[in-house]
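Shown next: entry_28.cif, given as mmCIF, C-alpha atoms.
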data_model
#
loop_
_atom_site.group_PDB
_atom_site.id
_atom_site.type_symbol
_atom_site.label_atom_id
_atom_site.label_comp_id
_atom_site.auth_asym_id
_atom_site.auth_seq_id
_atom_site.Cartn_x
_atom_site.Cartn_y
_atom_site.Cartn_z
ATOM 1 C CA HIS A 7 -46.795 10.415 65.177
ATOM 2 C CA ALA A 8 -49.250 13.275 64.878
ATOM 3 C CA PRO A 9 -48.045 16.364 62.973
ATOM 4 C CA PRO A 10 -46.205 18.998 65.038
ATOM 5 C CA PHE A 11 -48.374 21.509 66.918
ATOM 6 C CA PHE A 12 -51.472 19.428 66.180
ATOM 7 C CA THR A 13 -53.628 17.778 68.796
ATOM 8 C CA MET A 14 -57.081 16.293 68.862
ATOM 9 C CA GLU A 15 -59.205 14.420 71.349
ATOM 10 C CA VAL A 16 -61.318 11.362 70.603
ATOM 11 C CA GLY A 17 -63.936 10.407 73.164
ATOM 12 C CA SER A 18 -66.135 7.347 73.364
ATOM 13 C CA LEU A 19 -68.259 5.387 75.794
ATOM 14 C CA ASN A 20 -66.628 2.334 77.323
ATOM 15 C CA PHE A 21 -69.834 0.594 78.440
ATOM 16 C CA ASP A 22 -71.280 3.468 80.518
ATOM 17 C CA ASN A 23 -67.867 4.965 81.206
ATOM 18 C CA PHE A 24 -66.472 7.883 79.229
ATOM 19 C CA VAL A 25 -62.884 7.523 78.033
ATOM 20 C CA LEU A 26 -60.963 10.221 76.189
ATOM 21 C CA TYR A 27 -57.904 9.603 74.027
ATOM 22 C CA ARG A 28 -55.406 12.059 72.604
ATOM 23 C CA ILE A 29 -54.562 11.597 68.941
ATOM 24 C CA GLU A 30 -50.879 11.672 69.918
ATOM 25 C CA SER A 31 -51.312 8.547 72.041
ATOM 26 C CA LEU A 32 -53.184 6.678 69.309
ATOM 27 C CA ALA A 33 -50.636 7.710 66.675
ATOM 28 C CA ALA A 34 -47.769 6.562 68.910
ATOM 29 C CA CYS A 35 -49.414 3.137 69.249
ATOM 30 C CA TRP A 36 -49.715 2.931 65.469
ATOM 31 C CA ALA A 37 -46.084 4.010 65.037
ATOM 32 C CA CYS A 38 -44.961 1.051 67.172
ATOM 33 C CA LEU A 39 -45.862 -1.209 64.263
ATOM 34 C CA ARG A 40 -42.788 0.089 62.465
ATOM 35 C CA VAL A 41 -40.808 -2.412 64.479
ATOM 36 C CA TYR A 42 -41.397 -4.732 61.523
ATOM 37 C CA LEU A 43 -38.519 -2.871 59.813
ATOM 38 C CA PHE A 44 -36.174 -4.686 62.196
ATOM 39 C CA TRP A 45 -37.313 -7.949 60.613
ATOM 40 C CA ARG A 46 -35.752 -6.833 57.342
ATOM 41 C CA VAL A 47 -32.402 -6.511 59.103
ATOM 42 C CA VAL A 48 -32.738 -10.011 60.562
ATOM 43 C CA HIS A 49 -33.945 -11.342 57.185
ATOM 44 C CA ASP A 50 -30.953 -9.986 55.269
ATOM 45 C CA SER A 51 -28.522 -11.017 58.017
ATOM 46 C CA VAL A 52 -29.684 -14.647 57.962
ATOM 47 C CA LEU A 53 -29.683 -14.902 54.177
ATOM 48 C CA SER A 54 -26.231 -13.333 53.871
ATOM 49 C CA ARG A 55 -24.793 -16.219 55.912
ATOM 50 C CA LEU A 56 -26.144 -18.870 53.553
ATOM 51 C CA PRO A 57 -23.436 -19.751 50.987
ATOM 52 C CA LYS A 58 -24.424 -19.925 47.319
ATOM 53 C CA ARG A 59 -27.986 -19.082 48.260
ATOM 54 C CA HIS A 60 -28.938 -17.708 44.858
ATOM 55 C CA THR A 61 -27.587 -20.741 42.986
ATOM 56 C CA VAL A 62 -29.316 -23.199 45.312
ATOM 57 C CA ALA A 63 -32.568 -21.213 45.186
ATOM 58 C CA ALA A 64 -32.554 -21.114 41.387
ATOM 59 C CA TYR A 65 -31.685 -24.805 41.033
ATOM 60 C CA GLY A 66 -34.178 -26.022 43.638
ATOM 61 C CA GLN A 67 -36.840 -23.443 42.774
ATOM 62 C CA LEU A 68 -36.739 -22.288 46.391
ATOM 63 C CA LYS A 69 -38.043 -18.878 47.403
ATOM 64 C CA LEU A 70 -35.703 -17.053 49.755
ATOM 65 C CA GLY A 71 -38.381 -15.329 51.755
ATOM 66 C CA SER A 72 -39.500 -14.794 55.312
ATOM 67 C CA ALA A 73 -40.780 -18.365 55.631
ATOM 68 C CA LEU A 74 -37.304 -19.774 54.991
ATOM 69 C CA VAL A 75 -35.674 -17.295 57.360
ATOM 70 C CA SER A 76 -38.185 -18.152 60.094
ATOM 71 C CA LYS A 77 -37.466 -21.875 59.751
ATOM 72 C CA VAL A 78 -33.721 -21.254 59.867
ATOM 73 C CA LEU A 79 -34.111 -19.256 63.073
ATOM 74 C CA LEU A 80 -36.535 -21.704 64.698
ATOM 75 C CA THR A 81 -34.521 -24.843 63.951
ATOM 76 C CA GLY A 82 -30.990 -23.516 64.378
ATOM 77 C CA PRO A 83 -28.776 -23.328 67.462
ATOM 78 C CA ILE A 84 -30.084 -19.855 68.348
ATOM 79 C CA SER A 85 -33.740 -20.861 68.166
ATOM 80 C CA ILE A 86 -34.447 -20.391 71.884
ATOM 81 C CA MET A 87 -32.761 -16.987 71.929
ATOM 82 C CA ALA A 88 -34.640 -15.887 68.795
ATOM 83 C CA ILE A 89 -37.997 -16.935 70.237
ATOM 84 C CA LEU A 90 -37.340 -15.260 73.590
ATOM 85 C CA SER A 91 -36.190 -12.079 71.874
ATOM 86 C CA ALA A 92 -39.349 -11.933 69.758
ATOM 87 C CA TRP A 93 -41.430 -12.656 72.855
ATOM 88 C CA PHE A 94 -39.842 -9.863 74.889
ATOM 89 C CA VAL A 95 -40.228 -7.357 72.042
ATOM 90 C CA SER A 96 -43.914 -8.309 71.791
ATOM 91 C CA LEU A 97 -44.285 -7.867 75.543
ATOM 92 C CA ALA A 98 -42.720 -4.400 75.458
ATOM 93 C CA ILE A 99 -44.895 -3.189 72.573
ATOM 94 C CA SER A 100 -48.060 -4.685 74.044
ATOM 95 C CA ALA A 101 -47.281 -3.147 77.444
ATOM 96 C CA TYR A 102 -46.900 0.251 75.803
ATOM 97 C CA TRP A 103 -50.239 -0.199 74.049
ATOM 98 C CA PHE A 104 -51.879 -1.320 77.282
ATOM 99 C CA ARG A 105 -50.614 1.687 79.228
ATOM 100 C CA ALA A 106 -51.604 4.162 76.502
ATOM 101 C CA LEU A 107 -55.056 2.676 75.843
ATOM 102 C CA GLU A 108 -55.951 2.265 79.506
ATOM 103 C CA ALA A 109 -55.264 5.944 80.255
ATOM 104 C CA THR A 110 -57.986 8.524 79.779
ATOM 105 C CA ALA A 111 -57.060 12.070 78.846
ATOM 106 C CA CYS A 112 -59.651 13.345 81.309
ATOM 107 C CA GLN A 113 -57.052 12.643 84.008
ATOM 108 C CA TYR A 114 -54.440 14.818 82.314
ATOM 109 C CA ALA A 115 -53.661 18.364 83.400
ATOM 110 C CA TYR A 116 -55.352 19.841 80.322
ATOM 111 C CA TRP A 117 -58.324 18.679 78.280
ATOM 112 C CA GLU A 118 -60.974 20.342 76.120
ATOM 113 C CA ASP A 119 -63.845 17.863 75.914
ATOM 114 C CA VAL A 120 -66.600 19.055 78.239
ATOM 115 C CA ARG A 121 -67.757 15.462 78.762
ATOM 116 C CA CYS A 122 -64.818 15.069 81.126
ATOM 117 C CA ASN A 123 -66.914 17.011 83.649
ATOM 118 C CA ASP A 124 -69.520 14.248 83.733
ATOM 119 C CA ASP A 125 -69.587 11.758 86.583
ATOM 120 C CA ASN A 126 -69.005 8.788 84.286
ATOM 121 C CA ALA A 127 -65.646 10.271 83.265
ATOM 122 C CA GLU A 128 -64.283 10.001 86.809
ATOM 123 C CA MET A 129 -66.323 7.278 88.511
ATOM 124 C CA TRP A 130 -66.380 4.144 86.365
ATOM 125 C CA LYS A 131 -68.452 1.014 86.582
ATOM 126 C CA PHE A 132 -66.937 -2.430 86.776
ATOM 127 C CA GLY A 133 -67.728 -3.982 83.399
ATOM 128 C CA GLY A 134 -71.014 -3.251 81.735
ATOM 129 C CA PHE A 135 -73.522 -4.876 84.051
ATOM 130 C CA SER A 136 -72.269 -4.084 87.542
ATOM 131 C CA ASN A 137 -73.554 -1.274 89.728
ATOM 132 C CA GLU A 138 -70.259 -1.030 91.620
ATOM 133 C CA HIS A 139 -68.166 2.043 90.895
ATOM 134 C CA PHE A 140 -64.499 2.891 91.249
ATOM 135 C CA GLU A 141 -62.511 6.057 90.729
ATOM 136 C CA LYS A 142 -60.643 5.930 87.443
ATOM 137 C CA VAL A 143 -56.946 6.705 87.967
ATOM 138 C CA ASN A 144 -54.366 6.481 85.179
ATOM 139 C CA ASP A 145 -51.558 4.065 85.957
ATOM 140 C CA LEU A 146 -48.650 5.436 83.921
ATOM 141 C CA TYR A 147 -45.983 3.256 85.583
ATOM 142 C CA PHE A 148 -44.558 1.267 82.669
ATOM 143 C CA TRP A 149 -43.347 -1.656 84.780
ATOM 144 C CA ASN A 150 -46.919 -2.305 85.891
ATOM 145 C CA ALA A 151 -47.900 -2.574 82.229
ATOM 146 C CA ILE A 152 -44.960 -4.938 81.649
ATOM 147 C CA TRP A 153 -46.181 -7.076 84.549
ATOM 148 C CA VAL A 154 -49.707 -7.245 83.097
ATOM 149 C CA ALA A 155 -48.274 -8.214 79.702
ATOM 150 C CA TRP A 156 -46.098 -10.948 81.214
ATOM 151 C CA ALA A 157 -48.817 -12.349 83.496
ATOM 152 C CA THR A 158 -51.297 -12.439 80.605
ATOM 153 C CA SER A 159 -48.988 -13.899 77.961
ATOM 154 C CA SER A 160 -47.758 -16.591 80.340
ATOM 155 C CA THR A 161 -51.448 -17.496 80.987
ATOM 156 C CA ILE A 162 -50.940 -16.947 84.749
ATOM 157 C CA GLY A 163 -53.153 -13.893 85.075
ATOM 158 C CA TYR A 164 -52.826 -12.920 88.725
ATOM 159 C CA GLY A 165 -55.547 -10.284 88.330
ATOM 160 C CA GLU A 166 -54.240 -7.543 90.622
ATOM 161 C CA ILE A 167 -54.231 -5.238 87.565
ATOM 162 C CA THR A 168 -57.103 -5.701 85.142
ATOM 163 C CA PRO A 169 -58.080 -3.853 81.953
ATOM 164 C CA SER A 170 -60.956 -1.425 82.238
ATOM 165 C CA THR A 171 -61.343 -0.331 78.590
ATOM 166 C CA HIS A 172 -62.311 -2.159 75.420
ATOM 167 C CA PHE A 173 -58.919 -1.529 73.829
ATOM 168 C CA GLY A 174 -57.130 -2.709 76.955
ATOM 169 C CA ARG A 175 -59.063 -5.977 76.851
ATOM 170 C CA MET A 176 -58.223 -6.384 73.167
ATOM 171 C CA VAL A 177 -54.516 -6.000 73.982
ATOM 172 C CA CYS A 178 -54.833 -8.651 76.705
ATOM 173 C CA CYS A 179 -56.559 -11.020 74.265
ATOM 174 C CA LEU A 180 -53.708 -10.499 71.812
ATOM 175 C CA LEU A 181 -51.182 -11.147 74.588
ATOM 176 C CA ALA A 182 -52.886 -14.401 75.557
ATOM 177 C CA PHE A 183 -52.807 -15.604 71.948
ATOM 178 C CA LEU A 184 -49.150 -14.584 71.516
ATOM 179 C CA GLY A 185 -48.208 -16.238 74.797
ATOM 180 C CA VAL A 186 -49.712 -19.590 73.843
ATOM 181 C CA THR A 187 -48.104 -19.361 70.391
ATOM 182 C CA PHE A 188 -44.639 -18.476 71.669
ATOM 183 C CA MET A 189 -44.808 -21.167 74.358
ATOM 184 C CA ALA A 190 -45.744 -23.826 71.806
ATOM 185 C CA VAL A 191 -43.005 -22.753 69.385
ATOM 186 C CA MET A 192 -40.402 -22.621 72.157
ATOM 187 C CA THR A 193 -41.378 -26.119 73.331
ATOM 188 C CA ALA A 194 -40.969 -27.456 69.794
ATOM 189 C CA ALA A 195 -37.611 -25.675 69.400
ATOM 190 C CA PHE A 196 -36.356 -27.048 72.716
ATOM 191 C CA ALA A 197 -37.454 -30.563 71.755
ATOM 192 C CA ASN A 198 -35.561 -30.163 68.480
ATOM 193 C CA LEU A 199 -32.399 -29.089 70.323
ATOM 194 C CA ILE A 200 -32.340 -32.111 72.622
ATOM 195 C CA ALA A 201 -33.163 -34.613 69.862
ATOM 196 C CA TRP A 202 -30.478 -37.108 68.845
ATOM 197 C CA THR A 203 -28.561 -36.264 65.682
ATOM 198 C CA PRO A 204 -27.803 -39.038 63.135
ATOM 199 C CA ALA A 205 -24.147 -39.011 64.227
ATOM 200 C CA GLN A 206 -25.154 -39.375 67.877
ATOM 201 C CA HIS A 207 -27.546 -42.187 66.979
ATOM 202 C CA SER A 208 -24.746 -44.063 65.207
ATOM 203 C CA ALA A 209 -22.309 -43.507 68.070
ATOM 204 C CA LEU A 210 -24.891 -44.636 70.619
ATOM 205 C CA PHE A 211 -25.635 -47.744 68.545
ATOM 206 C CA TYR A 212 -21.964 -48.799 68.554
ATOM 207 C CA LEU A 213 -21.559 -47.979 72.242
ATOM 208 C CA GLU A 214 -24.486 -50.191 73.194
ATOM 209 C CA ARG A 215 -23.288 -53.162 71.194
#
Final structure tokens representation of the file:
Amino acid sequence: HAPPFFTMEVGSLNFDNFVLYRIESLAACWACLRVYLFWRVVHDSVLSRLPKRHTVAAYGQLKLGSALVSKVLLTGPISIMAILSAWFVSLAISAYWFRALEATACQYAYWEDVRCNDDNAEMWKFGGFSNEHFEKVNDLYFWNAIWVAWATSSTIGYGEITPSTHFGRMVCCLLAFLGVTFMAVMTAAFANLIAWTPAQHSALFYLER
């Protein structure tokens, strides 16, 4: 986060529309990336359950890193739960980013940038080439941001809430990519769960004889 008692405003043109960000909001978005520290907990937890891991790794020249942990999680009995958990965490973080980056500080109770008095700070154009205008209103309801994240990542995209800033569109692009990736991985994990095991193949062979 930003240092205590410190604030700053960063303004830029979003096509012809003026958007103003507080440094606190941008720093909070950056601080969300610290969620990667939770991966270390999962990493150590998975490796601690592998017996004789150091002996096997040394003998087989196997690196006990994140790649191995990911494969254990994605091919084990908790693969679906692990994928859904990662998906929901990504949705929550992306929704927070979307809400923060779609809001302009010109709509807050206090601001210092005089450009907030301009017409293009309140009345925005649709996209960069349209002459239609709309009144910019910050939507701070988090569940609406969650809905946008879910609709985008699931590739449904109902469109009742659309991004109006460059950063908001970038978050939606990231969500679409993550959604396709998570869906593909979950399909592969589900196919692996319902596949016949060697023991089941042998039992089925004798039952059909």
Would you kindly return, as a ChimeraX atom specification, each protein, DNA or RNA residue with an atom no farther than 7 Å from any atom of stretch 170-173 of chain A, considering only C-alpha atoms and excluding same-chain residues fewer than 5 positions away? /A:20,107-108
Selection to disk with C-alpha atoms, as a short mmCIF file (atom, residue, chain, number, x, y, z; two decimals), in the coordinates of the input:
data_model
loop_
_atom_site.label_atom_id
_atom_site.label_comp_id
_atom_site.auth_asym_id
_atom_site.auth_seq_id
_atom_site.Cartn_x
_atom_site.Cartn_y
_atom_site.Cartn_z
CA ASN A 20 -66.63 2.33 77.32
CA LEU A 107 -55.06 2.68 75.84
CA GLU A 108 -55.95 2.26 79.51
#
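Of the listed residues A:Phe188, A:Asp119, A:Thr168, A:Leu74, the one whose atoms come nearest to A:Ala88 is A:Phe188, with distances taken using only C-alpha atoms.
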Just so the selection is clear, what residues does the PyMOL selection byres ((chain A and resi 22) around 10) cover here, as a count of residues only? 15
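From atom CA of A:Leu70 back to atom CA of A:Ser96, the distance works out to 25.1 Å.
The residue that comes closest to A:Leu80, out of A:Tyr114, A:Phe196, A:Phe94, A:Tyr147 and on the basis of all atoms listed in the file, is A:Phe196.
The closest residue to A:Glu141, picked from A:Gln113, A:Thr158, A:Ser91, A:Ser51 and counting only C-alpha atoms, is A:Gln113.
Rounded to one decimal, atom CA of A:Ala109 and atom CA of A:Gly174 lie 9.4 Å from each other.
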